[in-house]
Amino acid sequence: MLNTIAMLVRARKKGRYVPAFNIYNLETIQAALESSCRAESPVILAFGERYLSYASFEVIAQMAECLSREHPYPVALHLDHCRSLENMYQALKAGFTSVMYDGSNLPFSENIEQTVQARKIADSFGASLEGELGGMNDKSGEGENGLFTEPMQAKKFVRETQVDSLAVAVGNAHGLYREKPHIEFQRLKEIYELTHIPLVLHGSSGLSMETLNLAAQIAVAKINVNTEIAMAGAAALRQALQKETKMENALQWARESLVNVMMHFY
Ligand code: 13P
């Protein structure tokens with residue numbers, strides 16, 4: 001498995017993005033890899049720190065390593081939304097190739113300080129580092145202006161932390177959008193012009209292909225997708241369990257539905 005640096009730089013040059021799908025077990029990893037094969041594209045397997053109560057870094061890293069060994073396209077194993085430097089270290093030690101330090105809840109200067117520490121840890125493993133600036137928790141997708149990433153702050157943040165990519169808040173939000181999302185493309189452009197690093201769009205569930213492609217043409221080289229896949233998987237599992245008596249058949253059915261939804265994001 002690789003870190004995300006080369007794959008994001010290559011995607012950016014082409015005005016394309018690499019999808020990062022949230023994974024947390026065998027079936028989600030298999031589905032993400034299968035989607036990458038069908039789309040003939042690199043893929044990022046994103047394991048959130050919050051899934052730690054479900055599976056350990058070691059189990060996930062070993063499954064991902066084993067399943068991606070013969071994979072014909074670049075694969076990265078990425079730690080998504082990590083707020084603990086200790087967890088970040090443990091993930092890298094287990095074999096993760098990329099990490100996100102999420103200091104977006106911290107005051108700006110503290111976010112910088114912690115992300116600088118994260119940079120040192122990531123460097124000691126040759127891993128890529130994503131930072132985050134701005135807030136993405138407003139589900140309406142509108143946000144207060146203060147929550148949006150400020151281009152001048154982004155410039156300072158990137159210069160001081162040396163992150164490889166930056167997650168931005170430009171009208172995107174995690175989960176389901178309650179209203180039609182409004183992505184501020186001009187802000188995205190300004191942030192990119194001042195930072196010149198691949199930008200990351202979290203909360204990509206519910207965004208149209210037109211929006212995602214335009215964002216990629218401007219600056220975005222990685223999109224994060226979870227909600228749409230998780231909901232489709234749960235719905236497929238519910239349906240499968242009504243007719244299947246065997247767990248393995250139900251899981252296979254659900255896995256196929258995960259692949260189908262993932263395919264919409266290439
Ligand atoms: P969605 O759940 O809105 O797709 O966002 C996923 C995400 O950004 C994970 O980091």
# chains A, B, ... in the order shown; residues from 1 in each chain; ligands from 1
call {"tool": "select_by_dssp", "arguments": {"residues": "segment 24-263 of chain A", "states": "alpha helix (DSSP H)", "output": "number ranges by chain"}}
result
A: 26-39, 57-68, 85-94, 108-124, 151-161, 185-195, 209-218, 227-243, 247-263
call {"tool": "residues_around", "arguments": {"residues": "Leu237 of chain A", "least_positions_apart": "2", "cutoff": "10 Å", "atoms": "only C-alpha atoms", "output": "list of chain:residue names"}}
result
A:Met231, A:Ala232, A:Gly233, A:Ala234, A:Ala235, A:Gln239, A:Ala240, A:Leu241, A:Gln242, A:Glu244, A:Met247, A:Asn249, A:Ala250, A:Leu251, A:Gln252, A:Trp253, A:Ala254, A:Arg255, A:Ser257
call {"tool": "residues_around", "arguments": {"residues": "Asn260 of chain A", "least_positions_apart": "6", "cutoff": "12 Å", "atoms": "only C-alpha atoms", "output": "list in words"}}
result
Ala31, Ala32, Glu34, Ser35, Ser36, Arg38, Ala39, Glu228, Ile229, Ala232, Gly233, Ala236, Trp253, Ala254 and Tyr266 of chain A
call {"tool": "write_last_selection", "arguments": {"atoms": "all heavy atoms", "output": "compact mmCIF listing (two decimals), in the first residue's frame"}}
result
# COMPACT_ATOMS: atom_id res chain seq x y z
N ALA A 31 -15.31 -4.36 -0.90
CA ALA A 31 -16.15 -3.57 -1.81
C ALA A 31 -15.35 -2.40 -2.40
O ALA A 31 -15.42 -2.14 -3.61
CB ALA A 31 -17.38 -3.06 -1.07
N ALA A 32 -14.60 -1.70 -1.56
CA ALA A 32 -13.83 -0.55 -2.06
C ALA A 32 -12.80 -1.01 -3.10
O ALA A 32 -12.62 -0.35 -4.14
CB ALA A 32 -13.14 0.17 -0.89
N GLU A 34 -12.95 -3.72 -4.96
CA GLU A 34 -13.66 -4.17 -6.16
C GLU A 34 -14.08 -2.96 -7.01
O GLU A 34 -13.96 -2.96 -8.23
CB GLU A 34 -14.88 -5.02 -5.74
CG GLU A 34 -15.78 -5.48 -6.88
CD GLU A 34 -15.08 -6.36 -7.91
OE1 GLU A 34 -14.08 -7.00 -7.57
OE2 GLU A 34 -15.55 -6.37 -9.07
N SER A 35 -14.54 -1.90 -6.33
CA SER A 35 -14.96 -0.71 -7.07
C SER A 35 -13.77 -0.10 -7.81
O SER A 35 -13.89 0.35 -8.95
CB SER A 35 -15.62 0.32 -6.14
OG SER A 35 -14.66 0.95 -5.33
N SER A 36 -12.61 -0.12 -7.16
CA SER A 36 -11.40 0.42 -7.79
C SER A 36 -11.04 -0.38 -9.04
O SER A 36 -10.64 0.19 -10.07
CB SER A 36 -10.28 0.42 -6.76
OG SER A 36 -9.03 0.17 -7.31
N ARG A 38 -13.17 -2.15 -10.93
CA ARG A 38 -14.16 -1.88 -11.99
C ARG A 38 -13.96 -0.50 -12.60
O ARG A 38 -14.15 -0.30 -13.79
CB ARG A 38 -15.58 -2.01 -11.44
CG ARG A 38 -15.95 -3.44 -11.10
CD ARG A 38 -17.43 -3.57 -10.78
NE ARG A 38 -17.66 -4.78 -10.00
CZ ARG A 38 -18.80 -5.12 -9.42
NH1 ARG A 38 -19.85 -4.33 -9.54
NH2 ARG A 38 -18.91 -6.22 -8.73
N ALA A 39 -13.57 0.47 -11.77
CA ALA A 39 -13.39 1.84 -12.28
C ALA A 39 -11.98 2.05 -12.84
O ALA A 39 -11.70 3.11 -13.41
CB ALA A 39 -13.65 2.84 -11.16
N GLU A 228 -23.76 7.68 2.15
CA GLU A 228 -24.53 7.01 1.08
C GLU A 228 -24.22 5.52 1.03
O GLU A 228 -25.10 4.70 0.81
CB GLU A 228 -24.22 7.64 -0.29
CG GLU A 228 -25.07 8.86 -0.56
CD GLU A 228 -25.02 9.27 -2.03
OE1 GLU A 228 -25.18 8.42 -2.93
OE2 GLU A 228 -24.79 10.47 -2.27
N ILE A 229 -22.95 5.19 1.24
CA ILE A 229 -22.55 3.78 1.18
C ILE A 229 -23.10 3.03 2.39
O ILE A 229 -23.66 1.94 2.27
CB ILE A 229 -21.00 3.65 1.22
CG1 ILE A 229 -20.36 4.50 0.15
CG2 ILE A 229 -20.57 2.21 1.08
CD1 ILE A 229 -18.88 4.68 0.41
N ALA A 232 -26.84 2.49 2.03
CA ALA A 232 -27.16 1.49 1.00
C ALA A 232 -26.83 0.09 1.51
O ALA A 232 -27.59 -0.86 1.30
CB ALA A 232 -26.39 1.79 -0.28
N GLY A 233 -25.71 -0.02 2.21
CA GLY A 233 -25.29 -1.32 2.75
C GLY A 233 -26.30 -1.83 3.77
O GLY A 233 -26.69 -3.00 3.75
N ALA A 236 -29.52 -2.89 2.03
CA ALA A 236 -29.35 -4.15 1.30
C ALA A 236 -29.32 -5.33 2.27
O ALA A 236 -29.87 -6.40 1.99
CB ALA A 236 -28.08 -4.10 0.47
N TRP A 253 -24.49 -10.19 -0.65
CA TRP A 253 -25.49 -9.34 -1.31
C TRP A 253 -25.24 -7.87 -0.93
O TRP A 253 -25.23 -6.98 -1.76
CB TRP A 253 -26.88 -9.83 -0.86
CG TRP A 253 -28.03 -8.97 -1.24
CD1 TRP A 253 -28.25 -7.67 -0.85
CD2 TRP A 253 -29.13 -9.31 -2.09
NE1 TRP A 253 -29.41 -7.20 -1.38
CE2 TRP A 253 -29.98 -8.19 -2.14
CE3 TRP A 253 -29.49 -10.47 -2.78
CZ2 TRP A 253 -31.16 -8.19 -2.87
CZ3 TRP A 253 -30.68 -10.45 -3.50
CH2 TRP A 253 -31.50 -9.33 -3.56
N ALA A 254 -25.06 -7.65 0.37
CA ALA A 254 -24.84 -6.29 0.86
C ALA A 254 -23.55 -5.71 0.26
O ALA A 254 -23.50 -4.54 -0.13
CB ALA A 254 -24.76 -6.28 2.38
N TYR A 266 -16.95 7.56 -8.94
CA TYR A 266 -15.71 7.64 -9.78
C TYR A 266 -15.95 8.58 -10.95
O TYR A 266 -17.06 8.80 -11.35
CB TYR A 266 -15.33 6.26 -10.28
CG TYR A 266 -14.70 5.37 -9.22
CD1 TYR A 266 -15.48 4.49 -8.48
CD2 TYR A 266 -13.33 5.45 -8.96
CE1 TYR A 266 -14.91 3.69 -7.50
CE2 TYR A 266 -12.77 4.64 -7.97
CZ TYR A 266 -13.55 3.76 -7.26
OH TYR A 266 -12.98 2.96 -6.31
call {"tool": "residues_near_ligand", "arguments": {"ligand": "ligand 1", "cutoff": "10 Å", "atoms": "only C-alpha atoms and all ligand atoms", "output": "mmCIF file with N, CA and C atoms, in the first residue's frame"}}
result
data_model
loop_
_atom_site.group_PDB
_atom_site.id
_atom_site.type_symbol
_atom_site.label_atom_id
_atom_site.label_comp_id
_atom_site.auth_asym_id
_atom_site.auth_seq_id
_atom_site.Cartn_x
_atom_site.Cartn_y
_atom_site.Cartn_z
ATOM 1 N N ALA A 20 -12.211 8.437 -1.403
ATOM 2 C CA ALA A 20 -11.851 7.790 -0.130
ATOM 3 C C ALA A 20 -13.145 7.272 0.471
ATOM 4 N N PHE A 21 -13.255 5.959 0.560
ATOM 5 C CA PHE A 21 -14.462 5.343 1.107
ATOM 6 C C PHE A 21 -14.195 4.874 2.529
ATOM 7 N N ASN A 22 -15.157 5.112 3.410
ATOM 8 C CA ASN A 22 -14.974 4.628 4.779
ATOM 9 C C ASN A 22 -15.099 3.104 4.823
ATOM 10 N N ALA A 46 -10.509 4.454 3.955
ATOM 11 C CA ALA A 46 -10.469 5.409 5.069
ATOM 12 C C ALA A 46 -11.126 4.821 6.317
ATOM 13 N N PHE A 47 -10.306 4.623 7.326
ATOM 14 C CA PHE A 47 -10.785 4.076 8.596
ATOM 15 C C PHE A 47 -10.804 5.201 9.618
ATOM 16 N N GLY A 48 -11.986 5.529 10.132
ATOM 17 C CA GLY A 48 -12.096 6.626 11.094
ATOM 18 C C GLY A 48 -11.681 6.195 12.489
ATOM 19 N N LEU A 79 -6.026 6.992 7.819
ATOM 20 C CA LEU A 79 -6.734 7.200 9.090
ATOM 21 C C LEU A 79 -7.534 8.493 8.963
ATOM 22 N N ASP A 80 -8.847 8.367 9.062
ATOM 23 C CA ASP A 80 -9.749 9.499 8.838
ATOM 24 C C ASP A 80 -10.063 10.197 10.171
ATOM 25 N N HIS A 81 -10.145 11.507 10.170
ATOM 26 C CA HIS A 81 -10.546 12.308 11.338
ATOM 27 C C HIS A 81 -9.934 11.835 12.650
ATOM 28 N N MET A 100 -5.003 11.577 8.748
ATOM 29 C CA MET A 100 -5.582 12.918 8.816
ATOM 30 C C MET A 100 -5.552 13.341 10.276
ATOM 31 N N MET A 136 -17.267 21.488 9.555
ATOM 32 C CA MET A 136 -18.148 20.840 8.571
ATOM 33 C C MET A 136 -19.319 20.162 9.223
ATOM 34 N N ASN A 137 -19.676 20.637 10.415
ATOM 35 C CA ASN A 137 -20.708 19.884 11.113
ATOM 36 C C ASN A 137 -22.110 20.431 10.938
ATOM 37 N N LYS A 139 -25.182 20.485 9.200
ATOM 38 C CA LYS A 139 -25.793 19.577 8.229
ATOM 39 C C LYS A 139 -26.591 20.301 7.132
ATOM 40 N N ALA A 167 -8.258 19.432 4.151
ATOM 41 C CA ALA A 167 -9.721 19.309 4.134
ATOM 42 C C ALA A 167 -10.302 20.689 4.411
ATOM 43 N N ASN A 172 -19.724 22.207 2.353
ATOM 44 C CA ASN A 172 -19.890 20.745 2.488
ATOM 45 C C ASN A 172 -20.111 20.395 3.960
ATOM 46 N N ALA A 173 -20.779 19.288 4.205
ATOM 47 C CA ALA A 173 -21.027 18.854 5.583
ATOM 48 C C ALA A 173 -21.169 17.340 5.608
ATOM 49 N N HIS A 174 -20.849 16.764 6.751
ATOM 50 C CA HIS A 174 -20.996 15.308 6.882
ATOM 51 C C HIS A 174 -22.462 14.918 6.998
ATOM 52 N N GLY A 175 -22.772 13.709 6.574
ATOM 53 C CA GLY A 175 -24.129 13.179 6.746
ATOM 54 C C GLY A 175 -25.034 13.573 5.594
ATOM 55 N N LEU A 176 -26.336 13.581 5.886
ATOM 56 C CA LEU A 176 -27.297 13.902 4.823
ATOM 57 C C LEU A 176 -27.564 15.406 4.824
ATOM 58 N N TYR A 177 -27.592 15.990 3.647
ATOM 59 C CA TYR A 177 -27.898 17.418 3.550
ATOM 60 C C TYR A 177 -29.395 17.610 3.717
ATOM 61 N N VAL A 200 -9.240 18.588 -0.091
ATOM 62 C CA VAL A 200 -10.065 17.403 0.188
ATOM 63 C C VAL A 200 -11.487 17.850 0.515
ATOM 64 N N LEU A 201 -12.453 17.191 -0.126
ATOM 65 C CA LEU A 201 -13.856 17.521 0.110
ATOM 66 C C LEU A 201 -14.504 16.399 0.917
ATOM 67 N N HIS A 202 -14.695 16.671 2.210
ATOM 68 C CA HIS A 202 -15.427 15.711 3.047
ATOM 69 C C HIS A 202 -16.917 15.899 2.792
ATOM 70 N N GLY A 203 -17.706 14.951 3.277
ATOM 71 C CA GLY A 203 -19.161 15.090 3.145
ATOM 72 C C GLY A 203 -19.625 15.012 1.702
ATOM 73 N N SER A 204 -19.021 14.128 0.924
ATOM 74 C CA SER A 204 -19.375 14.087 -0.507
ATOM 75 C C SER A 204 -20.672 13.337 -0.790
ATOM 76 N N SER A 205 -21.194 12.585 0.188
ATOM 77 C CA SER A 205 -22.520 11.978 0.001
ATOM 78 C C SER A 205 -23.513 13.098 -0.252
ATOM 79 N N GLY A 206 -24.337 12.921 -1.271
ATOM 80 C CA GLY A 206 -25.380 13.921 -1.525
ATOM 81 C C GLY A 206 -24.941 15.034 -2.455
ATOM 82 N N LEU A 207 -23.664 15.072 -2.828
ATOM 83 C CA LEU A 207 -23.220 16.089 -3.794
ATOM 84 C C LEU A 207 -23.344 15.495 -5.201
ATOM 85 N N ILE A 223 -12.096 12.973 -2.507
ATOM 86 C CA ILE A 223 -13.444 13.174 -1.952
ATOM 87 C C ILE A 223 -13.706 12.072 -0.931
ATOM 88 N N ASN A 224 -14.363 12.432 0.165
ATOM 89 C CA ASN A 224 -14.662 11.444 1.218
ATOM 90 C C ASN A 224 -16.133 11.074 1.171
ATOM 91 N N VAL A 225 -16.388 9.778 1.140
ATOM 92 C CA VAL A 225 -17.776 9.316 1.040
ATOM 93 C C VAL A 225 -18.036 8.257 2.105
ATOM 94 N N ASN A 226 -19.081 8.466 2.861
ATOM 95 C CA ASN A 226 -19.484 7.437 3.820
ATOM 96 C C ASN A 226 -20.995 7.221 3.855
ATOM 97 N N THR A 227 -21.759 8.255 4.183
ATOM 98 C CA THR A 227 -23.191 8.090 4.466
ATOM 99 C C THR A 227 -23.948 7.320 3.390
ATOM 100 N N GLU A 228 -23.765 7.680 2.150
ATOM 101 C CA GLU A 228 -24.533 7.012 1.081
ATOM 102 C C GLU A 228 -24.216 5.524 1.034
ATOM 103 N N ILE A 229 -22.949 5.185 1.239
ATOM 104 C CA ILE A 229 -22.546 3.775 1.181
ATOM 105 C C ILE A 229 -23.100 3.034 2.390
ATOM 106 N N ALA A 230 -22.948 3.657 3.561
ATOM 107 C CA ALA A 230 -23.395 2.993 4.797
ATOM 108 C C ALA A 230 -24.902 2.753 4.753
ATOM 109 N N MET A 231 -25.645 3.728 4.236
ATOM 110 C CA MET A 231 -27.101 3.570 4.187
ATOM 111 C C MET A 231 -27.509 2.505 3.175
#
call {"tool": "residues_around", "arguments": {"residues": "Met152 of chain A", "least_positions_apart": "2", "cutoff": "8 Å", "atoms": "only C-alpha atoms", "output": "number ranges by chain"}}
result
A: 150, 154-156, 191, 194
call {"tool": "residues_around", "arguments": {"residues": "Thr161 of chain A", "least_positions_apart": "5", "cutoff": "7 Å", "atoms": "only C-alpha atoms", "output": "MDAnalysis selection string"}}
result
chainID A and resid 112 115:116 119
call {"tool": "decode", "arguments": {"residues": "segment 93-107 of chain A", "atoms": "all heavy atoms", "output": "JSON list (two decimals), in the first residue's frame"}}
result
[["chain", "number", "residue", "atom", "x", "y", "z"],
["A", 93, "LYS", "N", 2.02, 2.65, 13.09],
["A", 93, "LYS", "CA", 2.80, 1.49, 13.51],
["A", 93, "LYS", "C", 2.16, 0.19, 13.00],
["A", 93, "LYS", "O", 2.84, -0.76, 12.63],
["A", 93, "LYS", "CB", 2.87, 1.46, 15.05],
["A", 93, "LYS", "CG", 4.09, 0.76, 15.59],
["A", 93, "LYS", "CD", 4.24, 1.04, 17.06],
["A", 93, "LYS", "CE", 4.04, -0.26, 17.79],
["A", 93, "LYS", "NZ", 3.63, -0.26, 19.12],
["A", 94, "ALA", "N", 0.84, 0.19, 12.92],
["A", 94, "ALA", "CA", 0.13, -1.01, 12.46],
["A", 94, "ALA", "C", 0.20, -1.17, 10.94],
["A", 94, "ALA", "O", -0.11, -2.24, 10.43],
["A", 94, "ALA", "CB", -1.33, -0.94, 12.90],
["A", 95, "GLY", "N", 0.57, -0.09, 10.22],
["A", 95, "GLY", "CA", 0.70, -0.23, 8.76],
["A", 95, "GLY", "C", -0.11, 0.74, 7.94],
["A", 95, "GLY", "O", -0.14, 0.64, 6.71],
["A", 96, "PHE", "N", -0.80, 1.70, 8.59],
["A", 96, "PHE", "CA", -1.51, 2.72, 7.80],
["A", 96, "PHE", "C", -0.47, 3.54, 7.04],
["A", 96, "PHE", "O", 0.64, 3.75, 7.52],
["A", 96, "PHE", "CB", -2.34, 3.63, 8.72],
["A", 96, "PHE", "CG", -3.66, 3.03, 9.15],
["A", 96, "PHE", "CD1", -3.71, 1.81, 9.80],
["A", 96, "PHE", "CD2", -4.85, 3.68, 8.90],
["A", 96, "PHE", "CE1", -4.93, 1.25, 10.19],
["A", 96, "PHE", "CE2", -6.07, 3.14, 9.28],
["A", 96, "PHE", "CZ", -6.11, 1.91, 9.93],
["A", 97, "THR", "N", -0.86, 4.00, 5.85],
["A", 97, "THR", "CA", 0.10, 4.70, 5.00],
["A", 97, "THR", "C", -0.19, 6.20, 4.91],
["A", 97, "THR", "O", 0.57, 6.95, 4.30],
["A", 97, "THR", "CB", 0.05, 4.13, 3.56],
["A", 97, "THR", "OG1", -1.30, 4.24, 3.08],
["A", 97, "THR", "CG2", 0.48, 2.67, 3.54],
["A", 98, "SER", "N", -1.28, 6.61, 5.52],
["A", 98, "SER", "CA", -1.71, 7.99, 5.40],
["A", 98, "SER", "C", -2.57, 8.34, 6.62],
["A", 98, "SER", "O", -3.28, 7.47, 7.14],
["A", 98, "SER", "CB", -2.53, 8.14, 4.12],
["A", 98, "SER", "OG", -3.01, 9.45, 3.98],
["A", 99, "VAL", "N", -2.50, 9.60, 7.07],
["A", 99, "VAL", "CA", -3.28, 9.99, 8.24],
["A", 99, "VAL", "C", -3.87, 11.38, 8.07],
["A", 99, "VAL", "O", -3.33, 12.23, 7.36],
["A", 99, "VAL", "CB", -2.40, 10.00, 9.53],
["A", 99, "VAL", "CG1", -2.07, 8.59, 9.99],
["A", 99, "VAL", "CG2", -1.13, 10.80, 9.33],
["A", 100, "MET", "N", -5.00, 11.58, 8.75],
["A", 100, "MET", "CA", -5.58, 12.92, 8.82],
["A", 100, "MET", "C", -5.55, 13.34, 10.28],
["A", 100, "MET", "O", -6.10, 12.64, 11.13],
["A", 100, "MET", "CB", -7.03, 12.90, 8.35],
["A", 100, "MET", "CG", -7.73, 14.22, 8.60],
["A", 100, "MET", "SD", -9.50, 14.08, 8.34],
["A", 100, "MET", "CE", -9.92, 15.81, 8.21],
["A", 101, "TYR", "N", -4.90, 14.46, 10.54],
["A", 101, "TYR", "CA", -5.03, 15.03, 11.88],
["A", 101, "TYR", "C", -6.12, 16.08, 11.81],
["A", 101, "TYR", "O", -6.02, 17.04, 11.05],
["A", 101, "TYR", "CB", -3.71, 15.64, 12.39],
["A", 101, "TYR", "CG", -3.95, 16.21, 13.76],
["A", 101, "TYR", "CD1", -4.09, 15.35, 14.85],
["A", 101, "TYR", "CD2", -4.15, 17.57, 13.95],
["A", 101, "TYR", "CE1", -4.41, 15.85, 16.11],
["A", 101, "TYR", "CE2", -4.47, 18.07, 15.20],
["A", 101, "TYR", "CZ", -4.60, 17.20, 16.27],
["A", 101, "TYR", "OH", -4.96, 17.69, 17.50],
["A", 102, "ASP", "N", -7.17, 15.89, 12.59],
["A", 102, "ASP", "CA", -8.30, 16.82, 12.56],
["A", 102, "ASP", "C", -8.28, 17.70, 13.80],
["A", 102, "ASP", "O", -8.76, 17.33, 14.86],
["A", 102, "ASP", "CB", -9.61, 16.01, 12.49],
["A", 102, "ASP", "CG", -10.84, 16.91, 12.52],
["A", 102, "ASP", "OD1", -10.68, 18.14, 12.63],
["A", 102, "ASP", "OD2", -11.96, 16.37, 12.44],
["A", 103, "GLY", "N", -7.71, 18.89, 13.62],
["A", 103, "GLY", "CA", -7.66, 19.85, 14.73],
["A", 103, "GLY", "C", -8.66, 20.97, 14.51],
["A", 103, "GLY", "O", -8.51, 22.05, 15.07],
["A", 104, "SER", "N", -9.68, 20.70, 13.71],
["A", 104, "SER", "CA", -10.61, 21.77, 13.32],
["A", 104, "SER", "C", -11.44, 22.26, 14.51],
["A", 104, "SER", "O", -12.02, 23.35, 14.44],
["A", 104, "SER", "CB", -11.54, 21.28, 12.21],
["A", 104, "SER", "OG", -12.30, 20.18, 12.65],
["A", 105, "ASN", "N", -11.49, 21.47, 15.58],
["A", 105, "ASN", "CA", -12.23, 21.91, 16.77],
["A", 105, "ASN", "C", -11.38, 22.79, 17.69],
["A", 105, "ASN", "O", -11.87, 23.33, 18.67],
["A", 105, "ASN", "CB", -12.74, 20.68, 17.55],
["A", 105, "ASN", "CG", -11.58, 19.81, 18.03],
["A", 105, "ASN", "OD1", -10.56, 19.70, 17.34],
["A", 105, "ASN", "ND2", -11.70, 19.22, 19.20],
["A", 106, "LEU", "N", -10.12, 22.91, 17.37],
["A", 106, "LEU", "CA", -9.19, 23.66, 18.23],
["A", 106, "LEU", "C", -9.06, 25.11, 17.75],
["A", 106, "LEU", "O", -9.30, 25.40, 16.58],
["A", 106, "LEU", "CB", -7.79, 23.02, 18.17],
["A", 106, "LEU", "CG", -7.68, 21.55, 18.57],
["A", 106, "LEU", "CD1", -6.26, 21.03, 18.27],
["A", 106, "LEU", "CD2", -8.00, 21.38, 20.05],
["A", 107, "PRO", "N", -8.62, 26.00, 18.65],
["A", 107, "PRO", "CA", -8.29, 27.35, 18.19],
["A", 107, "PRO", "C", -7.20, 27.25, 17.11],
["A", 107, "PRO", "O", -6.39, 26.32, 17.13],
["A", 107, "PRO", "CB", -7.75, 28.04, 19.44],
["A", 107, "PRO", "CG", -8.25, 27.22, 20.59],
["A", 107, "PRO", "CD", -8.43, 25.82, 20.09]]
